[in-house]
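Novice: Please find work-v5.cif (mmCIF, C-alpha atoms) on the next line:
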```cif
data_target
#
loop_
_atom_site.group_PDB
_atom_site.id
_atom_site.type_symbol
_atom_site.label_atom_id
_atom_site.label_comp_id
_atom_site.auth_asym_id
_atom_site.auth_seq_id
_atom_site.Cartn_x
_atom_site.Cartn_y
_atom_site.Cartn_z
ATOM 1 C CA MET A 1 7.555 39.642 1.586
ATOM 2 C CA ALA A 2 9.613 42.553 2.801
ATOM 3 C CA THR A 3 11.882 44.206 0.291
ATOM 4 C CA SER A 4 14.412 45.103 2.970
ATOM 5 C CA LEU A 5 17.283 42.814 3.925
ATOM 6 C CA LYS A 6 17.037 43.936 7.528
ATOM 7 C CA PRO A 7 15.963 40.870 9.538
ATOM 8 C CA GLN A 8 13.362 41.118 12.265
ATOM 9 C CA PRO A 9 13.207 39.274 15.600
ATOM 10 C CA VAL A 10 10.986 36.214 15.607
ATOM 11 C CA GLU A 11 7.966 36.312 17.890
ATOM 12 C CA ALA A 12 7.910 34.111 20.994
ATOM 13 C CA GLY A 13 6.375 30.660 20.707
ATOM 14 C CA TRP A 14 8.040 29.993 17.373
ATOM 15 C CA MET A 15 8.553 26.263 17.944
ATOM 16 C CA THR A 16 4.889 25.316 18.351
ATOM 17 C CA ARG A 17 3.724 27.986 15.889
ATOM 18 C CA TRP A 18 5.990 26.660 13.132
ATOM 19 C CA TRP A 19 4.759 23.140 13.828
ATOM 20 C CA ARG A 20 1.187 24.294 13.219
ATOM 21 C CA ASP A 21 2.257 26.285 10.149
ATOM 22 C CA SER A 22 4.065 23.243 8.747
ATOM 23 C CA LEU A 23 0.970 21.080 9.226
ATOM 24 C CA LEU A 24 -1.145 23.714 7.471
ATOM 25 C CA LEU A 25 1.234 23.710 4.529
ATOM 26 C CA LEU A 26 1.115 19.909 4.351
ATOM 27 C CA ARG A 27 -2.687 19.952 4.487
ATOM 28 C CA GLY A 28 -2.803 22.665 1.843
ATOM 29 C CA ALA A 29 -1.206 20.476 -0.841
ATOM 30 C CA PRO A 30 -0.752 16.867 0.347
ATOM 31 C CA SER A 31 -0.133 15.527 -3.163
ATOM 32 C CA SER A 32 2.614 18.078 -3.813
ATOM 33 C CA PHE A 33 4.392 17.302 -0.567
ATOM 34 C CA ALA A 34 3.983 13.563 -1.129
ATOM 35 C CA MET A 35 5.682 14.020 -4.498
ATOM 36 C CA LEU A 36 8.368 16.156 -2.861
ATOM 37 C CA TYR A 37 8.951 13.413 -0.288
ATOM 38 C CA LEU A 38 9.423 10.840 -3.065
ATOM 39 C CA VAL A 39 11.860 13.157 -4.858
ATOM 40 C CA LEU A 40 13.903 13.588 -1.678
ATOM 41 C CA LEU A 41 13.815 9.829 -1.154
ATOM 42 C CA LEU A 42 15.210 9.192 -4.637
ATOM 43 C CA LEU A 43 17.843 11.923 -4.335
ATOM 44 C CA ASN A 44 19.137 10.448 -1.106
ATOM 45 C CA VAL A 45 19.394 6.935 -2.515
ATOM 46 C CA ALA A 46 22.156 8.131 -4.841
ATOM 47 C CA TRP A 47 25.733 8.239 -3.581
ATOM 48 C CA GLN A 48 26.685 11.711 -2.346
ATOM 49 C CA PRO A 49 30.305 12.491 -1.434
ATOM 50 C CA LEU A 50 30.770 14.445 1.767
ATOM 51 C CA ILE A 51 32.603 17.216 -0.070
ATOM 52 C CA LEU A 52 29.325 18.063 -1.844
ATOM 53 C CA SER A 53 27.186 17.933 1.301
ATOM 54 C CA ILE A 54 26.689 21.705 1.549
ATOM 55 C CA PRO A 55 25.879 22.304 -2.173
ATOM 56 C CA ILE A 56 23.446 19.373 -2.095
ATOM 57 C CA ALA A 57 21.871 20.690 1.109
ATOM 58 C CA CYS A 58 21.409 24.098 -0.534
ATOM 59 C CA GLY A 59 19.694 22.499 -3.526
ATOM 60 C CA VAL A 60 17.402 20.447 -1.307
ATOM 61 C CA MET A 61 16.513 23.547 0.704
ATOM 62 C CA ALA A 62 15.740 25.507 -2.459
ATOM 63 C CA ILE A 63 13.297 22.812 -3.649
ATOM 64 C CA ILE A 64 11.552 22.571 -0.250
ATOM 65 C CA PHE A 65 11.312 26.365 0.023
ATOM 66 C CA ALA A 66 9.956 26.674 -3.521
ATOM 67 C CA VAL A 67 7.195 24.146 -2.800
ATOM 68 C CA ALA A 68 6.351 25.797 0.544
ATOM 69 C CA MET A 69 6.235 29.251 -1.047
ATOM 70 C CA ALA A 70 3.996 28.061 -3.891
ATOM 71 C CA VAL A 71 1.581 26.416 -1.447
ATOM 72 C CA HIS A 72 1.626 29.461 0.823
ATOM 73 C CA GLN A 73 0.604 31.609 -2.132
ATOM 74 C CA GLY A 74 -2.364 29.347 -2.844
ATOM 75 C CA GLY A 75 -0.884 27.009 -5.460
ATOM 76 C CA THR A 76 -2.137 23.619 -4.301
ATOM 77 C CA GLN A 77 -1.975 21.820 -7.667
ATOM 78 C CA LEU A 78 1.091 19.909 -8.832
ATOM 79 C CA ILE A 79 1.449 22.029 -11.970
ATOM 80 C CA GLU A 80 1.408 25.244 -9.910
ATOM 81 C CA VAL A 81 4.006 23.878 -7.514
ATOM 82 C CA GLY A 82 6.106 22.762 -10.480
ATOM 83 C CA ARG A 83 6.057 26.311 -11.842
ATOM 84 C CA GLY A 84 7.208 27.530 -8.437
ATOM 85 C CA ILE A 85 10.231 25.228 -8.578
ATOM 86 C CA ARG A 86 10.916 26.278 -12.180
ATOM 87 C CA ASP A 87 10.841 29.965 -11.260
ATOM 88 C CA VAL A 88 13.444 29.644 -8.512
ATOM 89 C CA PRO A 89 16.396 31.939 -9.384
ATOM 90 C CA TRP A 90 18.745 29.006 -9.878
ATOM 91 C CA TRP A 91 21.619 31.033 -11.318
ATOM 92 C CA PRO A 92 21.889 33.443 -8.341
ATOM 93 C CA LEU A 93 21.476 30.419 -6.088
ATOM 94 C CA SER A 94 24.406 28.729 -7.852
ATOM 95 C CA ARG A 95 26.536 31.814 -7.239
ATOM 96 C CA LEU A 96 25.534 31.712 -3.575
ATOM 97 C CA VAL A 97 26.609 28.059 -3.349
ATOM 98 C CA LEU A 98 29.942 28.959 -4.965
ATOM 99 C CA GLU A 99 30.510 31.754 -2.467
ATOM 100 C CA ILE A 100 29.632 29.433 0.422
ATOM 101 C CA ALA A 101 32.024 26.817 -0.975
ATOM 102 C CA LEU A 102 34.813 29.404 -1.123
ATOM 103 C CA LEU A 103 34.042 30.480 2.441
ATOM 104 C CA VAL A 104 34.148 26.873 3.642
ATOM 105 C CA MET A 105 37.428 26.346 1.781
ATOM 106 C CA VAL A 106 38.979 29.337 3.540
ATOM 107 C CA LEU A 107 37.777 28.012 6.892
ATOM 108 C CA LEU A 108 39.234 24.593 6.127
ATOM 109 C CA MET A 109 42.562 26.172 5.234
ATOM 110 C CA LEU A 110 42.555 28.003 8.554
ATOM 111 C CA MET A 111 41.720 24.758 10.323
ATOM 112 C CA LEU A 112 44.663 23.063 8.645
ATOM 113 C CA LEU A 113 46.923 25.670 10.220
ATOM 114 C CA PHE A 114 45.695 24.446 13.591
ATOM 115 C CA ARG A 115 45.553 20.757 12.686
ATOM 116 C CA HIS A 116 47.686 19.903 15.692
ATOM 117 C CA TYR A 117 44.890 21.068 17.983
ATOM 118 C CA LEU A 118 42.059 19.752 15.823
ATOM 119 C CA ALA A 119 43.465 16.273 15.304
ATOM 120 C CA GLY A 120 41.400 14.897 18.176
ATOM 121 C CA ILE A 121 38.179 16.314 16.742
ATOM 122 C CA PHE A 122 38.761 14.896 13.284
ATOM 123 C CA SER A 123 39.775 11.501 14.602
ATOM 124 C CA HIS A 124 36.358 11.108 16.236
ATOM 125 C CA ASP A 125 34.398 11.989 13.102
ATOM 126 C CA HIS A 126 32.538 14.913 14.620
ATOM 127 C CA ILE A 127 32.137 16.577 11.234
ATOM 128 C CA SER A 128 28.613 15.315 10.509
ATOM 129 C CA SER A 129 26.216 12.491 11.145
ATOM 130 C CA ALA A 130 26.994 11.166 7.667
ATOM 131 C CA ALA A 131 30.651 10.811 8.620
ATOM 132 C CA THR A 132 29.695 8.946 11.772
ATOM 133 C CA LEU A 133 27.602 6.439 9.857
ATOM 134 C CA HIS A 134 29.925 6.062 6.885
ATOM 135 C CA ASN A 135 32.788 5.084 9.172
ATOM 136 C CA LEU A 136 30.956 2.201 10.819
ATOM 137 C CA ARG A 137 32.790 -1.060 10.432
ATOM 138 C CA SER A 138 30.272 -3.479 11.928
ATOM 139 C CA PRO A 139 29.455 -6.562 9.824
ATOM 140 C CA GLU A 140 25.725 -5.802 10.124
ATOM 141 C CA TRP A 141 26.200 -2.352 8.583
ATOM 142 C CA GLN A 142 28.364 -3.685 5.779
ATOM 143 C CA HIS A 143 25.737 -6.311 4.908
ATOM 144 C CA LEU A 144 23.065 -3.699 4.282
ATOM 145 C CA PRO A 145 22.486 -2.802 0.593
ATOM 146 C CA GLU A 146 24.522 0.149 -0.642
ATOM 147 C CA TRP A 147 21.409 2.143 -1.613
ATOM 148 C CA LEU A 148 19.986 1.756 1.888
ATOM 149 C CA ARG A 149 23.207 2.898 3.532
ATOM 150 C CA SER A 150 23.243 5.919 1.233
ATOM 151 C CA LEU A 151 19.616 6.688 2.041
ATOM 152 C CA ILE A 152 20.298 6.714 5.790
ATOM 153 C CA THR A 153 23.502 8.735 5.681
ATOM 154 C CA ASN A 154 22.331 11.251 3.077
ATOM 155 C CA GLY A 155 18.925 11.970 4.606
ATOM 156 C CA LEU A 156 20.143 12.316 8.171
ATOM 157 C CA GLY A 157 23.391 14.016 7.165
ATOM 158 C CA THR A 158 21.607 16.691 5.113
ATOM 159 C CA ALA A 159 19.074 17.272 7.898
ATOM 160 C CA GLN A 160 21.866 17.830 10.398
ATOM 161 C CA THR A 161 23.744 20.100 8.007
ATOM 162 C CA MET A 162 20.620 22.256 7.703
ATOM 163 C CA LEU A 163 19.991 22.291 11.454
ATOM 164 C CA GLY A 164 23.573 23.059 12.395
ATOM 165 C CA ASN A 165 24.040 25.803 9.789
ATOM 166 C CA VAL A 166 20.971 28.027 10.077
ATOM 167 C CA PHE A 167 22.604 30.729 7.966
ATOM 168 C CA LEU A 168 22.390 28.305 5.016
ATOM 169 C CA LEU A 169 18.635 27.993 5.503
ATOM 170 C CA LEU A 170 18.213 31.752 5.699
ATOM 171 C CA SER A 171 20.526 32.725 2.838
ATOM 172 C CA VAL A 172 18.949 30.189 0.465
ATOM 173 C CA GLY A 173 15.500 31.353 1.585
ATOM 174 C CA VAL A 174 16.334 34.991 0.941
ATOM 175 C CA ILE A 175 17.223 34.190 -2.667
ATOM 176 C CA VAL A 176 14.347 31.765 -3.287
ATOM 177 C CA ALA A 177 11.871 34.335 -1.927
ATOM 178 C CA GLY A 178 13.222 36.924 -4.367
ATOM 179 C CA ILE A 179 14.347 39.389 -1.693
ATOM 180 C CA THR A 180 17.756 39.656 -3.362
ATOM 181 C CA ARG A 181 19.677 37.859 -6.088
ATOM 182 C CA ARG A 182 23.128 38.681 -4.744
ATOM 183 C CA GLY A 183 24.711 35.822 -2.867
ATOM 184 C CA HIS A 184 26.953 37.895 -0.617
ATOM 185 C CA LEU A 185 24.011 40.085 0.454
ATOM 186 C CA ALA A 186 21.953 36.986 1.234
ATOM 187 C CA LEU A 187 24.818 35.611 3.332
ATOM 188 C CA LEU A 188 25.230 38.867 5.251
ATOM 189 C CA ALA A 189 21.481 39.082 5.863
ATOM 190 C CA SER A 190 21.387 35.499 7.091
ATOM 191 C CA PHE A 191 24.184 36.109 9.603
ATOM 192 C CA GLN A 192 22.354 39.210 10.825
ATOM 193 C CA ALA A 193 19.151 37.204 11.192
ATOM 194 C CA VAL A 194 21.003 34.620 13.283
ATOM 195 C CA LEU A 195 22.380 37.355 15.549
ATOM 196 C CA VAL A 196 18.951 38.959 15.922
ATOM 197 C CA ASN A 197 17.391 35.576 16.711
ATOM 198 C CA VAL A 198 20.071 33.923 18.821
ATOM 199 C CA ARG A 199 17.543 31.912 20.829
ATOM 200 C CA VAL A 200 16.147 30.378 17.638
ATOM 201 C CA TRP A 201 19.649 29.545 16.423
ATOM 202 C CA LEU A 202 20.429 27.893 19.762
ATOM 203 C CA GLY A 203 17.244 25.835 19.359
ATOM 204 C CA PHE A 204 18.349 24.640 15.923
ATOM 205 C CA LEU A 205 21.844 23.929 17.227
ATOM 206 C CA LEU A 206 20.476 21.906 20.139
ATOM 207 C CA ALA A 207 18.309 19.919 17.714
ATOM 208 C CA SER A 208 21.406 19.260 15.599
ATOM 209 C CA LEU A 209 23.325 17.951 18.612
ATOM 210 C CA LEU A 210 20.377 15.784 19.688
ATOM 211 C CA LEU A 211 20.158 14.386 16.165
ATOM 212 C CA GLN A 212 23.871 13.591 16.240
ATOM 213 C CA GLY A 213 23.475 11.817 19.562
ATOM 214 C CA GLY A 214 20.459 9.881 18.315
ATOM 215 C CA ILE A 215 22.296 8.798 15.176
ATOM 216 C CA THR A 216 25.302 7.663 17.192
ATOM 217 C CA PHE A 217 22.960 5.640 19.410
ATOM 218 C CA LEU A 218 21.097 4.094 16.490
ATOM 219 C CA SER A 219 24.140 3.406 14.344
ATOM 220 C CA ALA A 220 25.205 0.487 16.529
ATOM 221 C CA ARG A 221 21.690 -0.983 16.425
ATOM 222 C CA LEU A 222 20.910 -0.960 12.713
ATOM 223 C CA HIS A 223 21.288 -4.713 12.410
ATOM 224 C CA THR A 224 18.321 -5.535 10.187
ATOM 225 C CA PHE A 225 17.025 -4.365 6.834
ATOM 226 C CA GLY A 226 13.659 -3.388 8.343
ATOM 227 C CA ALA A 227 15.173 -1.222 11.074
ATOM 228 C CA ALA A 228 17.472 0.543 8.616
ATOM 229 C CA LEU A 229 14.603 1.155 6.179
ATOM 230 C CA LEU A 230 12.421 2.586 8.963
ATOM 231 C CA VAL A 231 15.189 4.962 10.057
ATOM 232 C CA SER A 232 15.655 6.014 6.430
ATOM 233 C CA ILE A 233 11.943 6.775 5.935
ATOM 234 C CA LEU A 234 11.825 8.781 9.158
ATOM 235 C CA GLY A 235 15.083 10.528 8.241
ATOM 236 C CA VAL A 236 13.686 11.848 4.951
ATOM 237 C CA ALA A 237 10.513 12.962 6.748
ATOM 238 C CA LEU A 238 12.700 14.806 9.280
ATOM 239 C CA LEU A 239 14.601 16.437 6.418
ATOM 240 C CA LEU A 240 11.335 17.724 4.950
ATOM 241 C CA LEU A 241 10.184 19.028 8.343
ATOM 242 C CA VAL A 242 13.492 20.837 8.912
ATOM 243 C CA GLY A 243 13.045 22.505 5.530
ATOM 244 C CA LEU A 244 9.533 23.662 6.436
ATOM 245 C CA TYR A 245 10.793 25.050 9.742
ATOM 246 C CA GLY A 246 13.506 26.868 7.829
ATOM 247 C CA TRP A 247 10.889 28.369 5.502
ATOM 248 C CA CYS A 248 8.877 29.588 8.499
ATOM 249 C CA PHE A 249 12.068 31.134 9.886
ATOM 250 C CA VAL A 250 12.710 32.964 6.616
ATOM 251 C CA ARG A 251 9.128 34.206 6.449
ATOM 252 C CA GLU A 252 9.175 35.652 9.948
ATOM 253 C CA ALA A 253 12.705 37.059 9.841
ATOM 254 C CA PHE A 254 12.315 38.784 6.453
ATOM 255 C CA GLY A 255 8.573 38.929 5.838
ATOM 256 C CA LEU A 256 5.282 38.629 7.662
ATOM 257 C CA PRO A 257 4.875 38.453 11.453
ATOM 258 C CA GLY A 258 4.398 35.011 12.921
ATOM 259 C CA ALA A 259 0.629 35.339 13.325
ATOM 260 C CA GLN A 260 0.213 35.945 9.566
ATOM 261 C CA VAL A 261 2.612 33.375 8.145
ATOM 262 C CA ALA A 262 0.029 30.675 7.418
ATOM 263 C CA LYS A 263 -2.916 32.997 6.704
ATOM 264 C CA ARG A 264 -3.130 32.200 2.987
ATOM 265 C CA VAL A 265 -2.665 28.505 3.633
ATOM 266 C CA VAL A 266 -5.611 28.464 6.025
ATOM 267 C CA VAL A 267 -7.787 29.951 3.291
ATOM 268 C CA ALA A 268 -6.511 27.421 0.756
ATOM 269 C CA VAL A 269 -7.192 24.515 3.109
ATOM 270 C CA ARG A 270 -10.672 25.663 4.101
ATOM 271 C CA ARG A 271 -11.835 26.639 0.611
ATOM 272 C CA PRO A 272 -12.732 23.082 -0.514
ATOM 273 C CA ALA A 273 -14.821 22.540 2.634
ATOM 274 C CA GLY A 274 -16.923 25.647 1.954
ATOM 275 C CA ALA A 275 -17.355 24.932 -1.749
#
```
Can the structure from this file be put into C-alpha cells for me?
Specialist:
Amino acid sequence: MATSLKPQPVEAGWMTRWWRDSLLLLRGAPSSFAMLYLVLLLLNVAWQPLILSIPIACGVMAIIFAVAMAVHQGGTQLIEVGRGIRDVPWWPLSRLVLEIALLVMVLLMLMLLFRHYLAGIFSHDHISSAATLHNLRSPEWQHLPEWLRSLITNGLGTAQTMLGNVFLLLSVGVIVAGITRRGHLALLASFQAVLVNVRVWLGFLLASLLLQGGITFLSARLHTFGAALLVSILGVALLLLVGLYGWCFVREAFGLPGAQVAKRVVVAVRRPAGA
C-alpha cells in the first residue's frame, strides 16, 4: 500500500475487474465472508435511527474492509480475519466519524437557511432509501414484523448511503489500510480521489439512483413475508458487494494498480488445489 495520500486514477475496465476481484476475495475465504454476512444480517435486524445512518455505515465499511484486507494478505482462516478486524485503528476511525458528523451538521444548518427552497425535496423523502421505506403507510407494510422491516430498511439504506457518498468509502478505507490515522487528512484524500476518478464516482452515483428507483418500485409490492425476506437477504448481499467494490476502489486509488489488486488472493485460492 502506498504511503502517499496522493490518489491515482483508476485504470479503465474497473467495473468488471472489481467484480472478478470481489469473487476472488469471496473464494479466498468463503467461511469468513459467510460469517461476515451473518454479522451484517444481525446488525441490520436491530433498529437504527436515521440520524446514526452515516456512523453506522462507516462502522460497517470498516468491518468489510478489514475482512477484505486480511483475505487479500493471505489470511483465509477465521482467526486471522478476526485479528484483522481487531487491529483496525478504531480510535482514529471514531475521530473520522466525529469529523464527518460535524461536517454533516454544518451542511444541515446551511440547508435550514434555505429550507424555503428545500421544502419540496424533504416532503418527498428523497434523503435515503430508508426514509422512503420507513414512511410507507400501506397496511401490508405495517403487518410485517418489526425486525423484518428494520432488516430491509437498514440493509438497503446503508448500501445506498455507501454508494451515494463515495468519499465515505475512501476515507474509511484510507484509515483502515493504515495510510494515515488523521481523519481530516483521510477526508481530504478521499475528496481528491473522487475528483481524480470522476467517472467512477458517477458510476457509483448512478448505481445509488438506480437502487433508489428499485426500492421505490419494490416498496409498494412488499405484500408478503416471503417477498420481504427475499429482498432483505438480497439487500444484505448487495451491501457486502458494495463494500468489496469500495475496497477495490481504495486499493487502486491509493495502492496497487488494478492488474495487481487480487494477485495475493489468486495465490491463496489456488494453493489448496496444488497441495
Novice: Tell me which residues the PyMOL selection byres ((chain A and resi 168) around 9) grabs here, as a list in words.
Specialist: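 Checking the PyMOL selection byres ((chain A and resi 168) around 9) against this file, the residues are Ile54, Ala57, Cys58, Met61, Ile100, Thr161, Met162, Asn165, Val166, Phe167, Leu169, Leu170, Ser171, Val172, Gly173, Leu187 and Ser190 of chain A.
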Novice: What's the separation between CA of Gly243 in chain A and CA of Ser219 in chain A, in Å to one decimal place?
Specialist: 23.8 Å
Novice: Using all atoms listed in the file, which of A:Ala68, A:Leu98, A:Ala193, A:Leu156 sits nearest Gly84 in chain A?
Specialist: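 When distances to Gly84 in chain A are compared using all atoms listed in the file, the smallest one comes from A:Ala68.
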Novice: Can you measure CA of Val104 in chain A to CA of Gly164 in chain A for me? One decimal in Å is fine.
Specialist: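 Going from CA of Val104 in chain A over to CA of Gly164 in chain A covers 14.2 Å.
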Novice: Convert the output of the PyMOL selection byres ((chain A and resi 94) around 12) on the shown file into explicit residues, formatted as an mmCIF file with C-alpha atoms, in the coordinates of the input.
Specialist:
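Contents of selection.cif, freshly written:
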```
data_model
loop_
_atom_site.group_PDB
_atom_site.id
_atom_site.type_symbol
_atom_site.label_atom_id
_atom_site.label_comp_id
_atom_site.auth_asym_id
_atom_site.auth_seq_id
_atom_site.Cartn_x
_atom_site.Cartn_y
_atom_site.Cartn_z
ATOM 1 C CA ILE A 54 26.689 21.705 1.549
ATOM 2 C CA PRO A 55 25.879 22.304 -2.173
ATOM 3 C CA ILE A 56 23.446 19.373 -2.095
ATOM 4 C CA CYS A 58 21.409 24.098 -0.534
ATOM 5 C CA GLY A 59 19.694 22.499 -3.526
ATOM 6 C CA ALA A 62 15.740 25.507 -2.459
ATOM 7 C CA VAL A 88 13.444 29.644 -8.512
ATOM 8 C CA PRO A 89 16.396 31.939 -9.384
ATOM 9 C CA TRP A 90 18.745 29.006 -9.878
ATOM 10 C CA TRP A 91 21.619 31.033 -11.318
ATOM 11 C CA PRO A 92 21.889 33.443 -8.341
ATOM 12 C CA LEU A 93 21.476 30.419 -6.088
ATOM 13 C CA ARG A 95 26.536 31.814 -7.239
ATOM 14 C CA LEU A 96 25.534 31.712 -3.575
ATOM 15 C CA VAL A 97 26.609 28.059 -3.349
ATOM 16 C CA LEU A 98 29.942 28.959 -4.965
ATOM 17 C CA GLU A 99 30.510 31.754 -2.467
ATOM 18 C CA ILE A 100 29.632 29.433 0.422
ATOM 19 C CA ALA A 101 32.024 26.817 -0.975
ATOM 20 C CA VAL A 172 18.949 30.189 0.465
ATOM 21 C CA ILE A 175 17.223 34.190 -2.667
ATOM 22 C CA VAL A 176 14.347 31.765 -3.287
ATOM 23 C CA ARG A 181 19.677 37.859 -6.088
ATOM 24 C CA ARG A 182 23.128 38.681 -4.744
ATOM 25 C CA GLY A 183 24.711 35.822 -2.867
ATOM 26 C CA HIS A 184 26.953 37.895 -0.617
#
```
Novice: Residues near Met35 in chain A, anyone? I mean within 12 Å using only C-alpha atoms, not counting same-chain ones fewer than 4 positions away, as a list in words.
Specialist: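 Residues meeting the cut-off are Leu26, Ala29, Pro30, Ser31, Val39, Leu40, Leu41, Leu42, Ile63, Ile64, Val67, Gln77, Leu78, Ile79, Val81, Gly82 and Leu240 of chain A.
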Novice: When the PyMOL selection byres ((chain A and resi 254) around 7) is applied to the structure above, which residues does it catch, written out as number ranges by chain?
Specialist: A: 1-2, 5, 7-8, 250-253, 255
Novice: What separation in Å, quoted to one decimal, exists between CA of Pro139 in chain A and CA of Ile215 in chain A?
Specialist: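 Atom-to-atom, CA of Pro139 in chain A to CA of Ile215 in chain A, that is 17.8 Å.
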Novice: For Val200 in chain A, which residue among A:Leu163, A:Leu222, A:Ala227, A:Leu144 is the nearest when counting all atoms listed in the file?
Specialist: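 Closest to Val200 in chain A, using all atoms listed in the file: A:Leu163.
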Novice: Restricting the calculation to only C-alpha atoms, which member of A:Asp87, A:Trp247, A:Thr158, A:Leu38 is positioned closest to Ile233 in chain A?
Specialist: A:Leu38
